[in-house]
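Q: Okay, so here is work.txt, and as you'll see once you scroll down, it has compact mmCIF, C-alpha atoms.
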```txt
# COMPACT_ATOMS: atom_id res chain seq x y z
CA MET A 5 -13.28 -32.22 -115.13
CA LYS A 6 -9.94 -33.13 -113.67
CA ALA A 7 -8.43 -33.46 -117.15
CA GLU A 8 -9.64 -29.99 -118.05
CA THR A 9 -7.93 -28.41 -115.01
CA GLU A 10 -4.55 -30.17 -115.69
CA ALA A 11 -4.33 -28.94 -119.31
CA PRO A 12 -4.12 -25.18 -118.47
CA SER A 13 -1.43 -25.90 -115.80
CA LYS A 14 0.80 -27.71 -118.30
CA ALA A 15 0.43 -24.92 -120.81
CA LYS A 16 1.36 -22.40 -118.12
CA ILE A 17 4.54 -24.30 -117.21
CA ILE A 18 5.63 -24.55 -120.85
CA SER A 19 5.04 -20.84 -121.37
CA GLN A 20 7.16 -20.02 -118.32
CA ILE A 21 10.01 -22.20 -119.59
CA LEU A 22 9.85 -20.53 -122.98
CA LEU A 23 9.90 -17.11 -121.31
CA LEU A 24 13.02 -18.02 -119.30
CA MET A 25 14.78 -19.25 -122.47
CA CYS A 26 13.93 -16.04 -124.27
CA LEU A 27 15.22 -13.96 -121.40
CA GLY A 28 18.41 -16.05 -121.24
CA SER A 29 19.05 -15.70 -124.99
CA SER A 30 18.36 -11.99 -125.00
CA ASN A 31 20.55 -11.35 -121.95
CA SER A 32 23.34 -13.88 -122.66
CA GLY A 33 25.91 -11.10 -122.46
CA GLY A 34 24.52 -9.85 -119.16
CA VAL A 35 23.26 -11.74 -116.17
CA LEU A 36 23.11 -15.28 -117.51
CA ALA A 37 26.55 -15.57 -119.30
CA VAL A 38 30.09 -14.16 -119.29
CA ASN A 39 30.78 -12.17 -122.43
CA MET A 40 34.45 -12.69 -123.50
CA THR A 41 36.41 -10.72 -126.08
CA ILE A 42 39.83 -11.68 -127.55
CA PRO A 43 41.66 -8.82 -129.30
CA ASN A 44 44.19 -11.03 -131.08
CA THR A 45 43.81 -14.75 -131.68
CA LEU A 46 47.38 -15.22 -133.02
CA ILE A 47 50.41 -14.30 -130.93
CA ARG A 48 53.99 -14.66 -132.17
CA GLY A 49 56.82 -15.09 -129.70
CA THR A 50 60.58 -15.59 -129.73
CA VAL A 51 62.58 -18.10 -127.73
CA GLY A 52 63.61 -16.40 -124.49
CA GLY A 53 61.07 -13.62 -124.91
CA GLU A 54 57.56 -12.98 -123.58
CA ALA A 55 54.05 -13.56 -124.85
CA LEU A 56 50.90 -11.78 -123.66
CA LEU A 57 47.72 -13.78 -124.25
CA SER A 58 45.19 -11.01 -123.81
CA VAL A 59 41.45 -11.49 -123.09
CA LEU A 60 38.59 -9.31 -121.82
CA TYR A 61 35.25 -10.30 -120.22
CA ASN A 62 32.09 -8.60 -118.99
CA SER A 63 29.77 -9.72 -116.16
CA PHE A 64 27.21 -8.12 -113.88
CA SER A 65 28.36 -10.33 -111.04
CA LEU A 66 30.60 -8.88 -108.38
CA ASP A 67 32.16 -12.26 -107.56
CA LEU A 68 35.75 -13.06 -108.52
CA PRO A 69 36.05 -15.04 -111.74
CA VAL A 70 37.55 -18.51 -111.93
CA ILE A 71 40.11 -18.46 -114.78
CA LYS A 72 41.47 -21.60 -116.38
CA TRP A 73 44.11 -21.83 -119.15
CA GLN A 74 44.80 -25.09 -120.98
CA LEU A 75 47.25 -26.04 -123.75
CA LYS A 76 45.82 -28.33 -126.40
CA ARG A 77 47.75 -31.53 -126.91
CA GLU A 78 46.62 -35.11 -127.48
CA LYS A 79 45.45 -34.67 -123.93
CA SER A 80 44.90 -31.10 -122.82
CA VAL A 81 47.42 -29.82 -120.28
CA THR A 82 46.35 -27.36 -117.58
CA VAL A 83 48.71 -24.40 -117.62
CA VAL A 84 47.21 -22.43 -114.72
CA GLN A 85 43.98 -22.10 -112.79
CA SER A 86 43.21 -19.14 -110.55
CA ILE A 87 40.53 -17.25 -108.67
CA GLY A 88 41.10 -13.73 -109.78
CA THR A 89 44.89 -13.36 -109.68
CA ASP A 90 45.46 -16.00 -106.98
CA ILE A 91 46.78 -19.23 -108.46
CA ILE A 92 45.06 -22.39 -107.30
CA GLY A 93 47.13 -25.49 -106.59
CA THR A 94 50.68 -26.17 -107.71
CA LEU A 95 51.97 -25.29 -111.14
CA ARG A 96 53.60 -27.86 -113.36
CA PRO A 97 57.44 -27.80 -113.21
CA GLU A 98 57.77 -26.40 -116.75
CA TYR A 99 55.61 -23.39 -115.85
CA ARG A 100 57.00 -22.43 -112.46
CA ASP A 101 58.21 -18.84 -112.21
CA ARG A 102 57.02 -18.20 -115.76
CA ILE A 103 53.30 -17.52 -115.26
CA LEU A 104 51.39 -14.36 -114.40
CA VAL A 105 47.57 -13.98 -114.47
CA PHE A 106 45.81 -10.59 -114.57
CA GLU A 107 42.38 -9.66 -113.20
CA ASN A 108 40.80 -9.54 -116.65
CA GLY A 109 41.94 -13.11 -117.35
CA THR A 110 45.03 -12.22 -119.47
CA LEU A 111 47.96 -14.64 -119.26
CA LEU A 112 51.62 -13.57 -119.45
CA LEU A 113 54.30 -16.17 -120.25
CA HIS A 114 57.97 -15.38 -119.49
CA ASN A 115 61.10 -16.96 -120.96
CA LEU A 116 59.38 -18.65 -123.85
CA ARG A 117 60.38 -22.11 -124.97
CA LEU A 118 59.76 -23.98 -128.19
CA SER A 119 57.51 -26.32 -126.20
CA ASP A 120 55.18 -23.38 -125.46
CA ASP A 121 54.11 -23.34 -129.09
CA GLY A 122 50.47 -24.37 -129.56
CA THR A 123 46.79 -23.49 -129.10
CA TYR A 124 45.55 -22.24 -125.71
CA ASP A 125 41.95 -22.46 -124.46
CA VAL A 126 40.76 -20.01 -121.82
CA GLU A 127 37.62 -20.29 -119.69
CA VAL A 128 36.23 -17.63 -117.34
CA SER A 129 33.32 -18.60 -115.09
CA ILE A 130 31.47 -16.66 -112.37
CA THR A 131 29.13 -18.14 -109.80
CA ASP A 132 26.07 -16.00 -110.60
CA ASP A 133 26.41 -16.57 -114.34
CA ILE A 134 24.93 -19.62 -115.97
CA PHE A 135 27.32 -19.84 -118.94
CA PRO A 136 31.12 -19.28 -118.70
CA GLY A 137 33.08 -17.27 -121.24
CA GLU A 138 35.37 -19.26 -123.53
CA GLY A 139 38.00 -18.41 -126.12
CA THR A 140 41.03 -19.74 -128.05
CA ILE A 141 44.43 -18.16 -128.77
CA THR A 142 47.23 -19.59 -130.93
CA LEU A 143 50.82 -18.97 -129.81
CA THR A 144 53.80 -19.55 -132.12
CA VAL A 145 57.29 -19.65 -130.66
CA ASP A 146 60.24 -19.37 -133.05
CA GLU A 147 63.98 -19.03 -132.87
CA SER A 148 65.58 -15.88 -134.28
CA ILE A 149 67.41 -16.28 -137.58
CA SER A 150 71.17 -15.91 -137.76
CA ARG A 151 72.68 -14.23 -140.79
CA PRO A 152 72.61 -16.72 -143.70
CA TYR A 153 75.47 -17.34 -146.10
CA ILE A 154 75.66 -18.87 -149.55
CA HIS A 155 77.57 -22.15 -149.65
CA MET A 156 78.74 -23.70 -152.89
CA GLU A 157 81.04 -26.52 -153.91
CA GLY A 158 84.14 -25.41 -155.77
CA SER A 159 85.12 -21.98 -157.03
CA SER A 160 82.87 -19.05 -157.90
CA VAL A 161 84.79 -18.69 -161.19
CA LEU A 162 82.92 -20.83 -163.70
CA GLU A 163 83.48 -21.92 -167.26
CA LEU A 164 80.79 -21.48 -169.83
CA SER A 165 78.16 -24.28 -169.79
CA GLN A 166 79.21 -25.47 -166.31
CA ASN A 167 76.60 -26.38 -163.65
CA VAL A 168 76.56 -24.85 -160.16
CA ILE A 169 74.50 -25.36 -156.97
CA LEU A 170 74.05 -22.56 -154.42
CA ASN A 171 72.91 -23.43 -150.88
CA CYS A 172 71.37 -20.78 -148.62
CA SER A 173 72.71 -21.93 -145.23
CA HIS A 174 72.17 -20.58 -141.71
CA ASP A 175 72.79 -21.77 -138.14
CA ASN A 176 69.60 -20.75 -136.27
CA GLY A 177 65.98 -20.27 -137.14
CA THR A 178 62.67 -22.14 -137.18
CA ARG A 179 59.84 -22.27 -139.71
CA THR A 180 62.04 -20.63 -142.31
CA SER A 181 61.32 -19.72 -145.91
CA TYR A 182 63.82 -18.64 -148.59
CA ARG A 183 64.03 -16.16 -151.43
CA TRP A 184 66.79 -15.70 -154.03
CA PHE A 185 67.94 -12.51 -155.72
CA LYS A 186 70.03 -11.92 -158.83
CA GLY A 187 71.45 -8.46 -159.21
CA GLY A 188 69.14 -7.28 -156.42
CA LYS A 189 65.98 -8.52 -158.20
CA PRO A 190 63.86 -11.51 -157.10
CA LEU A 191 64.72 -14.71 -158.95
CA THR A 192 61.91 -16.96 -160.10
CA ASN A 193 61.88 -20.46 -161.52
CA VAL A 194 63.02 -20.45 -165.13
CA THR A 195 64.33 -23.18 -167.39
CA ARG A 196 67.94 -23.05 -166.20
CA PHE A 197 67.28 -21.84 -162.63
CA VAL A 198 65.86 -24.70 -160.58
CA LEU A 199 64.75 -24.15 -156.97
CA SER A 200 64.26 -26.94 -154.47
CA PRO A 201 60.75 -27.37 -152.98
CA ASP A 202 61.70 -25.31 -149.92
CA GLN A 203 63.69 -22.93 -152.20
CA LYS A 204 66.81 -23.38 -150.09
CA LEU A 205 68.87 -24.72 -153.01
CA LEU A 206 69.38 -22.88 -156.29
CA THR A 207 70.71 -24.90 -159.24
CA ILE A 208 71.95 -23.17 -162.38
CA THR A 209 72.38 -25.56 -165.30
CA ARG A 210 74.77 -24.68 -168.15
CA VAL A 211 75.71 -21.18 -167.06
CA LEU A 212 75.76 -18.44 -169.67
CA MET A 213 77.68 -15.20 -169.86
CA THR A 214 74.50 -13.43 -168.69
CA ASP A 215 74.70 -15.39 -165.42
CA ASP A 216 77.82 -13.42 -164.47
CA ASP A 217 76.18 -11.43 -161.67
CA ILE A 218 75.75 -10.93 -157.91
CA TYR A 219 73.53 -13.43 -156.03
CA SER A 220 72.04 -13.28 -152.52
CA CYS A 221 69.38 -15.07 -150.47
CA THR A 222 66.93 -14.00 -147.76
CA VAL A 223 65.70 -16.22 -144.92
CA GLU A 224 62.36 -15.39 -143.26
CA ASN A 225 60.35 -16.75 -140.35
CA PRO A 226 57.41 -15.42 -138.27
CA VAL A 227 59.68 -13.30 -136.05
CA GLY A 228 62.05 -11.74 -138.60
CA ASN A 229 64.22 -12.05 -141.70
CA MET A 230 67.90 -11.83 -142.61
CA THR A 231 69.72 -11.41 -145.94
CA SER A 232 73.06 -12.99 -146.79
CA LEU A 233 76.15 -11.21 -148.03
CA PRO A 234 76.26 -11.07 -151.85
CA LEU A 235 78.18 -13.69 -153.81
CA ARG A 236 79.73 -12.86 -157.18
CA LEU A 237 79.64 -15.53 -159.88
CA THR A 238 82.19 -14.99 -162.66
CA VAL A 239 81.72 -16.79 -165.98
CA TYR A 240 84.53 -17.19 -168.54
CA ARG A 241 84.60 -18.67 -171.97
CA ARG A 242 86.84 -21.71 -172.18
CA SER A 243 89.24 -20.09 -174.70
CA SER A 244 89.43 -16.91 -172.64
CA LEU A 245 90.32 -18.89 -169.56
CA TYR A 246 93.12 -20.70 -171.38
CA ILE A 247 94.46 -17.40 -172.69
CA ILE A 248 94.52 -15.93 -169.20
CA LEU A 249 96.32 -18.97 -167.77
CA SER A 250 98.86 -19.12 -170.59
CA THR A 251 99.53 -15.39 -170.41
CA GLY A 252 100.09 -15.62 -166.69
CA GLY A 253 102.48 -18.55 -167.15
CA ILE A 254 104.52 -16.69 -169.80
CA PHE A 255 104.73 -13.59 -167.62
CA LEU A 256 105.91 -15.69 -164.69
CA LEU A 257 108.56 -17.38 -166.84
CA ILE A 258 109.88 -14.03 -168.14
CA THR A 259 110.06 -12.70 -164.60
CA LEU A 260 112.05 -15.70 -163.40
CA VAL A 261 114.49 -15.46 -166.33
CA THR A 262 115.01 -11.74 -165.71
CA VAL A 263 115.68 -12.27 -162.03
CA CYS A 264 118.16 -15.07 -162.72
CA ALA A 265 119.99 -13.00 -165.34
CA CYS A 266 120.35 -9.97 -163.10
CA TRP A 267 121.43 -11.86 -160.02
CA THR A 268 125.14 -12.53 -159.48
CA PRO A 269 126.46 -14.35 -156.46
CA SER A 270 128.77 -12.40 -154.17
CA LYS A 271 132.38 -13.56 -154.28
CA LYS A 272 134.30 -13.32 -151.06
CA ARG A 273 137.99 -13.03 -151.34
CA ARG A 274 139.68 -15.65 -149.38
CA HIS A 275 143.02 -14.69 -147.90
CA LEU A 276 145.19 -17.63 -147.17
CA ALA A 277 147.25 -17.37 -144.02
CA ARG A 278 150.88 -17.59 -144.85
CA LYS A 279 153.46 -18.87 -142.43
CA PRO A 280 156.95 -17.43 -142.86
CA ARG A 281 159.26 -20.18 -143.94
CA SER A 282 162.40 -18.45 -142.74
CA SER A 283 163.31 -15.39 -140.75
CA PHE A 284 165.87 -12.98 -141.99
CA TYR A 285 167.79 -10.91 -139.53
CA ASP A 286 170.02 -7.96 -139.83
CA HIS A 287 173.61 -8.87 -139.21
CA SER A 288 174.20 -6.14 -136.69
CA ASP A 289 171.24 -6.46 -134.23
CA ARG A 290 169.56 -9.72 -135.42
CA SER A 291 166.18 -7.98 -135.80
CA PRO A 292 163.69 -9.44 -138.23
CA ILE A 293 163.39 -7.67 -141.55
CA ASN A 294 159.97 -6.50 -142.77
CA HIS A 295 159.38 -8.08 -146.15
CA THR A 296 156.68 -5.61 -147.14
CA ASP A 297 158.77 -2.43 -146.76
CA ASP A 298 161.01 -1.19 -149.58
CA VAL A 299 164.64 -1.00 -148.44
CA HIS A 300 166.87 1.62 -150.11
CA PRO A 301 170.68 1.94 -149.84
CA LYS A 302 171.70 4.05 -146.85
CA ARG A 303 174.46 6.67 -147.01
CA THR A 304 176.73 7.01 -144.02
CA GLU A 305 179.73 9.21 -143.27
CA HIS A 306 182.90 8.15 -141.53
CA ASN A 307 185.70 10.64 -140.86
CA GLY A 308 184.22 13.02 -143.40
CA ILE A 309 184.11 10.43 -146.12
CA SER A 310 180.72 9.36 -147.39
CA ALA A 311 180.13 5.74 -148.16
CA VAL A 312 177.24 3.77 -149.46
CA THR A 313 176.13 0.75 -147.54
CA SER A 314 174.34 -1.73 -149.67
CA LEU A 315 171.85 -4.12 -148.12
CA TYR A 316 170.83 -7.14 -150.01
CA ILE A 317 167.55 -8.90 -149.18
CA LEU A 318 166.55 -12.32 -150.09
CA GLN A 319 162.99 -12.14 -151.30
CA GLU A 320 160.68 -14.96 -150.47
CA LYS A 321 159.36 -16.66 -153.53
CA ASP A 322 155.71 -16.46 -154.44
CA PRO A 323 153.65 -19.31 -152.98
CA SER A 324 152.37 -20.09 -156.46
CA MET A 325 155.71 -21.62 -157.36
CA ASP A 326 156.13 -25.34 -157.52
CA ASP A 327 156.47 -27.43 -154.41
CA SER A 328 160.11 -28.23 -155.02
CA SER A 329 161.14 -24.58 -154.87
CA SER A 330 159.12 -24.03 -151.74
CA ASN A 331 160.59 -27.07 -150.09
CA SER A 332 164.13 -26.03 -150.94
CA ILE A 333 163.69 -22.60 -149.41
CA GLY A 334 161.98 -23.93 -146.33
CA SER A 335 164.55 -26.69 -145.68
CA PRO A 336 165.72 -27.17 -142.11
CA SER A 337 169.37 -26.42 -142.95
CA GLU A 338 168.52 -22.98 -144.24
CA LEU A 339 166.30 -22.23 -141.28
CA ASP A 340 169.12 -23.07 -138.91
CA ASN A 341 171.76 -20.98 -140.78
CA PRO A 342 170.00 -18.14 -142.59
CA PRO A 343 172.22 -16.49 -145.25
CA CYS A 344 173.34 -12.89 -144.68
CA TYR A 345 175.11 -10.27 -146.76
CA THR A 346 177.35 -7.60 -145.24
CA SER A 347 179.35 -4.86 -146.77
CA SER A 348 182.44 -3.41 -145.13
CA PRO A 349 183.63 -0.39 -147.07
CA ASP A 350 187.30 0.61 -147.03
CA TYR A 351 187.04 4.28 -146.28
CA THR A 352 190.67 5.41 -146.99
CA GLN A 353 193.45 4.76 -149.32
CA SER A 354 196.91 6.14 -149.41
CA ASN A 355 195.96 8.88 -151.77
CA GLY A 356 192.87 9.88 -149.68
CA SER A 357 190.30 8.86 -152.28
CA PRO A 358 187.52 6.55 -151.27
CA ALA A 359 188.19 2.99 -152.15
CA ARG A 360 185.76 0.49 -153.51
CA SER A 361 183.92 -1.42 -150.96
CA SER A 362 184.66 -5.06 -150.78
CA HIS A 363 181.78 -7.42 -150.23
CA LYS A 364 182.12 -10.43 -148.08
CA TYR A 365 179.81 -13.37 -148.13
CA THR A 366 179.14 -15.12 -144.91
```
Take the structure I supplied and represent it as structure tokens, if you would.
A:
Amino acid sequence: MKAETEAPSKAKIISQILLLMCLGSSNSGGVLAVNMTIPNTLIRGTVGGEALLSVLYNSFSLDLPVIKWQLKREKSVTVVQSIGTDIIGTLRPEYRDRILVFENGTLLLHNLRLSDDGTYDVEVSITDDIFPGEGTITLTVDESISRPYIHMEGSSVLELSQNVILNCSHDNGTRTSYRWFKGGKPLTNVTRFVLSPDQKLLTITRVLMTDDDIYSCTVENPVGNMTSLPLRLTVYRRSSLYIILSTGGIFLLITLVTVCACWTPSKKRRHLARKPRSSFYDHSDRSPINHTDDVHPKRTEHNGISAVTSLYILQEKDPSMDDSSSNSIGSPSELDNPPCYTSSPDYTQSNGSPARSSHKYT
């Protein structure tokens, strides 16, 4: 009898448990659990910028939620924990002054760092709810790309059948990918165009005349892309290159010859200073005689009779004469007693006619 009464009681308890489980599963988004929604599970950020990890939750409870954010690592790191918007405890040094929590559980990170990159778990729990709301958001933090440039060894002027390697270089940027363009069109792997696994290096083996074109590269990462300035590759045939070099050399040689033929050095006349070797004086007033002036005979009158006074000048010899002549003229004896010529005309004769002038050597 006792066994019969215990059997209905056990069945009643089991039925009640099953009823509670059905109610909990049917109302998991209502009274018994926090219903969480994540609009975007992947957020991209830039170093120095901001990232908004947005979540939404629903609950019939009027109590403040307990929000907890963790960053997945080998061992999960607690980023922040709060009741509503009030932060609980002390933040880690790397998150101080960079964290803001909203009422709906959203997390705002300021001044992003590369170390902020990773997967974040969020948990929202309320006292009256049996099950907390949980979600996961992935945050990528990248550095902006600087303008790339094409680096190559040697000159961009190539001979036919020569090999060349182009390197798409840049200073900043993370998680980058590369694309090459020839003449503005995407360049794909062909027999002579070999791209490195990351497509940063472009190798052209045995260039052809058709490779004479403009090349550029584009660098991309999750936060942007930049394209380099174009680089012109010029391809010459070997014979054409020699002709150009030889023609230039001939033209340069002709120019030099022409300039040398037309140029004449300026000749400056050199005037040698001449020292007078002797001074000649007039017999009457002992004044020096100017050697450069032409002296003509002077006509004078005395008692109505005109007479011609002749003046004889010793001319200094040209300095181009031999040394013996110069030394004889410039001897000390002649300098002490310079020779003079005087003329004393006899103005009257007995018959009144002018007489010949007699010359006297002194």
Q: Figure out the distance between atom CA of A:Ile169 and atom CA of A:Leu206, please, to one decimal in Å.
A: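 Going from atom CA of A:Leu206 over to atom CA of A:Ile169, I get 5.7 Å.
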Q: Skipping near chain neighbours, those fewer than 6 positions away, what residues fall within 6 Å of stretch 145-162 of chain A using only C-alpha atoms, listed as JSON, numbers by chain?
A: {"A": [49, 50, 51, 118, 121, 170, 171, 172, 173, 174, 176, 177, 178, 230, 232, 237, 238, 239]}
Q: Write the selection just made, keeping C-alpha atoms, as a compact mmCIF listing (two decimals), keeping the file's coordinate frame?
A:
```txt
# COMPACT_ATOMS: atom_id res chain seq x y z
CA GLY A 49 56.82 -15.09 -129.70
CA THR A 50 60.58 -15.59 -129.73
CA VAL A 51 62.58 -18.10 -127.73
CA LEU A 118 59.76 -23.98 -128.19
CA ASP A 121 54.11 -23.34 -129.09
CA LEU A 170 74.05 -22.56 -154.42
CA ASN A 171 72.91 -23.43 -150.88
CA CYS A 172 71.37 -20.78 -148.62
CA SER A 173 72.71 -21.93 -145.23
CA HIS A 174 72.17 -20.58 -141.71
CA ASN A 176 69.60 -20.75 -136.27
CA GLY A 177 65.98 -20.27 -137.14
CA THR A 178 62.67 -22.14 -137.18
CA MET A 230 67.90 -11.83 -142.61
CA SER A 232 73.06 -12.99 -146.79
CA LEU A 237 79.64 -15.53 -159.88
CA THR A 238 82.19 -14.99 -162.66
CA VAL A 239 81.72 -16.79 -165.98
```
Q: Give the padded box for stretch 64-68 of chain A as lines of an AutoDock Vina configuration file: axis-aligned, covering all atoms listed in the file, 4 Å on each side, centre and edge lengths in Å to one decimal.
A:
```
center_x = 31.5
center_y = -10.6
center_z = -110.7
size_x = 16.5
size_y = 12.9
size_z = 14.3
```
Q: If I take atom CA of A:Ile134 and atom CA of A:Lys76, how far is one from the other in Å, to one decimal?
A: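 Atom-to-atom, atom CA of A:Ile134 and atom CA of A:Lys76 are spaced 24.9 Å apart.
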Q: How far is it from atom CA of A:Lys186 to atom CA of A:Asp217, in Å with one decimal?
A: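 Atom CA of A:Asp217 lies 6.8 Å from atom CA of A:Lys186.
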Q: Out of A:Leu256, A:Val59, A:Val227, A:Ile141, which residue has the shortest atom-to-atom distance to A:Leu75 when counting only C-alpha atoms?
A: A:Ile141
Q: Residues at most 8 Å from stretch 106-110 of chain A, counting all atoms listed in the file, excluding those fewer than 2 positions away in the same chain, as a PyMOL selection string?
A: chain A and resi 56-61+71+88-89+104+112+128
Q: Tell me which residues come within 9 Å of (60.9, -20.7, -143.5), as a PDB file with C-alpha atoms, in the coordinates of the input, counting all atoms listed in the file in the file's coordinates.
A:
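Okay, out27.pdb is ready:
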```pdb
ATOM      1  CA  GLY A 177      65.980 -20.270-137.140  1.00  0.00           C
ATOM      2  CA  THR A 178      62.670 -22.140-137.180  1.00  0.00           C
ATOM      3  CA  ARG A 179      59.840 -22.270-139.710  1.00  0.00           C
ATOM      4  CA  THR A 180      62.040 -20.630-142.310  1.00  0.00           C
ATOM      5  CA  SER A 181      61.320 -19.720-145.910  1.00  0.00           C
ATOM      6  CA  TYR A 182      63.820 -18.640-148.590  1.00  0.00           C
ATOM      7  CA  ASP A 202      61.700 -25.310-149.920  1.00  0.00           C
ATOM      8  CA  VAL A 223      65.700 -16.220-144.920  1.00  0.00           C
ATOM      9  CA  GLU A 224      62.360 -15.390-143.260  1.00  0.00           C
ATOM     10  CA  ASN A 225      60.350 -16.750-140.350  1.00  0.00           C
ATOM     11  CA  PRO A 226      57.410 -15.420-138.270  1.00  0.00           C
TER      12      PRO A 226
END
```
Q: With distances taken over all atoms listed in the file, which residue among A:Ile254, A:Ser86, A:Leu212, A:Ser63 lies nearest A:Phe135?
A: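 Of A:Ile254, A:Ser86, A:Leu212, A:Ser63, the one nearest A:Phe135, counting all atoms listed in the file, is A:Ser63.
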Q: Output stretch 60-74 of chain A from the block with N, CA, C and O atoms, as a PDB file, in the first residue's frame?
A:
```pdb
ATOM      1  N   LEU A  60      23.585  44.745 -27.612  1.00  0.00           N
ATOM      2  CA  LEU A  60      22.243  45.062 -27.113  1.00  0.00           C
ATOM      3  C   LEU A  60      21.724  43.850 -26.341  1.00  0.00           C
ATOM      4  O   LEU A  60      22.021  42.706 -26.694  1.00  0.00           O
ATOM      5  N   TYR A  61      20.917  44.088 -25.280  1.00  0.00           N
ATOM      6  CA  TYR A  61      20.327  42.974 -24.519  1.00  0.00           C
ATOM      7  C   TYR A  61      18.905  43.357 -24.110  1.00  0.00           C
ATOM      8  O   TYR A  61      18.550  44.528 -23.987  1.00  0.00           O
ATOM      9  N   ASN A  62      18.120  42.315 -23.865  1.00  0.00           N
ATOM     10  CA  ASN A  62      16.737  42.474 -23.397  1.00  0.00           C
ATOM     11  C   ASN A  62      16.545  41.650 -22.126  1.00  0.00           C
ATOM     12  O   ASN A  62      17.015  40.524 -22.022  1.00  0.00           O
ATOM     13  N   SER A  63      15.795  42.229 -21.159  1.00  0.00           N
ATOM     14  CA  SER A  63      15.487  41.528 -19.905  1.00  0.00           C
ATOM     15  C   SER A  63      14.255  42.168 -19.285  1.00  0.00           C
ATOM     16  O   SER A  63      14.045  43.386 -19.393  1.00  0.00           O
ATOM     17  N   PHE A  64      13.440  41.309 -18.644  1.00  0.00           N
ATOM     18  CA  PHE A  64      12.264  41.822 -17.944  1.00  0.00           C
ATOM     19  C   PHE A  64      12.605  42.317 -16.549  1.00  0.00           C
ATOM     20  O   PHE A  64      11.777  42.914 -15.873  1.00  0.00           O
ATOM     21  N   SER A  65      13.823  42.086 -16.130  1.00  0.00           N
ATOM     22  CA  SER A  65      14.241  42.517 -14.804  1.00  0.00           C
ATOM     23  C   SER A  65      14.552  44.008 -14.809  1.00  0.00           C
ATOM     24  O   SER A  65      15.066  44.557 -15.794  1.00  0.00           O
ATOM     25  N   LEU A  66      14.220  44.644 -13.703  1.00  0.00           N
ATOM     26  CA  LEU A  66      14.510  46.065 -13.544  1.00  0.00           C
ATOM     27  C   LEU A  66      15.838  46.317 -12.852  1.00  0.00           C
ATOM     28  O   LEU A  66      16.223  47.470 -12.661  1.00  0.00           O
ATOM     29  N   ASP A  67      16.554  45.263 -12.477  1.00  0.00           N
ATOM     30  CA  ASP A  67      17.841  45.416 -11.810  1.00  0.00           C
ATOM     31  C   ASP A  67      18.908  45.835 -12.815  1.00  0.00           C
ATOM     32  O   ASP A  67      18.811  45.575 -14.027  1.00  0.00           O
ATOM     33  N   LEU A  68      19.968  46.469 -12.303  1.00  0.00           N
ATOM     34  CA  LEU A  68      21.086  46.865 -13.161  1.00  0.00           C
ATOM     35  C   LEU A  68      21.876  45.636 -13.583  1.00  0.00           C
ATOM     36  O   LEU A  68      22.084  44.720 -12.786  1.00  0.00           O
ATOM     37  N   PRO A  69      22.321  45.604 -14.820  1.00  0.00           N
ATOM     38  CA  PRO A  69      23.073  44.431 -15.286  1.00  0.00           C
ATOM     39  C   PRO A  69      24.520  44.489 -14.795  1.00  0.00           C
ATOM     40  O   PRO A  69      25.082  45.569 -14.560  1.00  0.00           O
ATOM     41  N   VAL A  70      25.128  43.346 -14.672  1.00  0.00           N
ATOM     42  CA  VAL A  70      26.550  43.232 -14.393  1.00  0.00           C
ATOM     43  C   VAL A  70      27.226  42.893 -15.725  1.00  0.00           C
ATOM     44  O   VAL A  70      26.955  41.839 -16.311  1.00  0.00           O
ATOM     45  N   ILE A  71      28.091  43.813 -16.201  1.00  0.00           N
ATOM     46  CA  ILE A  71      28.714  43.680 -17.529  1.00  0.00           C
ATOM     47  C   ILE A  71      30.195  43.360 -17.342  1.00  0.00           C
ATOM     48  O   ILE A  71      30.890  44.016 -16.559  1.00  0.00           O
ATOM     49  N   LYS A  72      30.648  42.370 -18.099  1.00  0.00           N
ATOM     50  CA  LYS A  72      32.042  41.965 -17.991  1.00  0.00           C
ATOM     51  C   LYS A  72      32.625  41.759 -19.388  1.00  0.00           C
ATOM     52  O   LYS A  72      32.080  40.987 -20.174  1.00  0.00           O
ATOM     53  N   TRP A  73      33.731  42.472 -19.675  1.00  0.00           N
ATOM     54  CA  TRP A  73      34.444  42.331 -20.954  1.00  0.00           C
ATOM     55  C   TRP A  73      35.798  41.682 -20.694  1.00  0.00           C
ATOM     56  O   TRP A  73      36.521  42.084 -19.787  1.00  0.00           O
ATOM     57  N   GLN A  74      36.122  40.684 -21.515  1.00  0.00           N
ATOM     58  CA  GLN A  74      37.408  39.993 -21.413  1.00  0.00           C
ATOM     59  C   GLN A  74      38.058  39.882 -22.795  1.00  0.00           C
ATOM     60  O   GLN A  74      37.367  39.743 -23.807  1.00  0.00           O
TER      61      GLN A  74
END
```
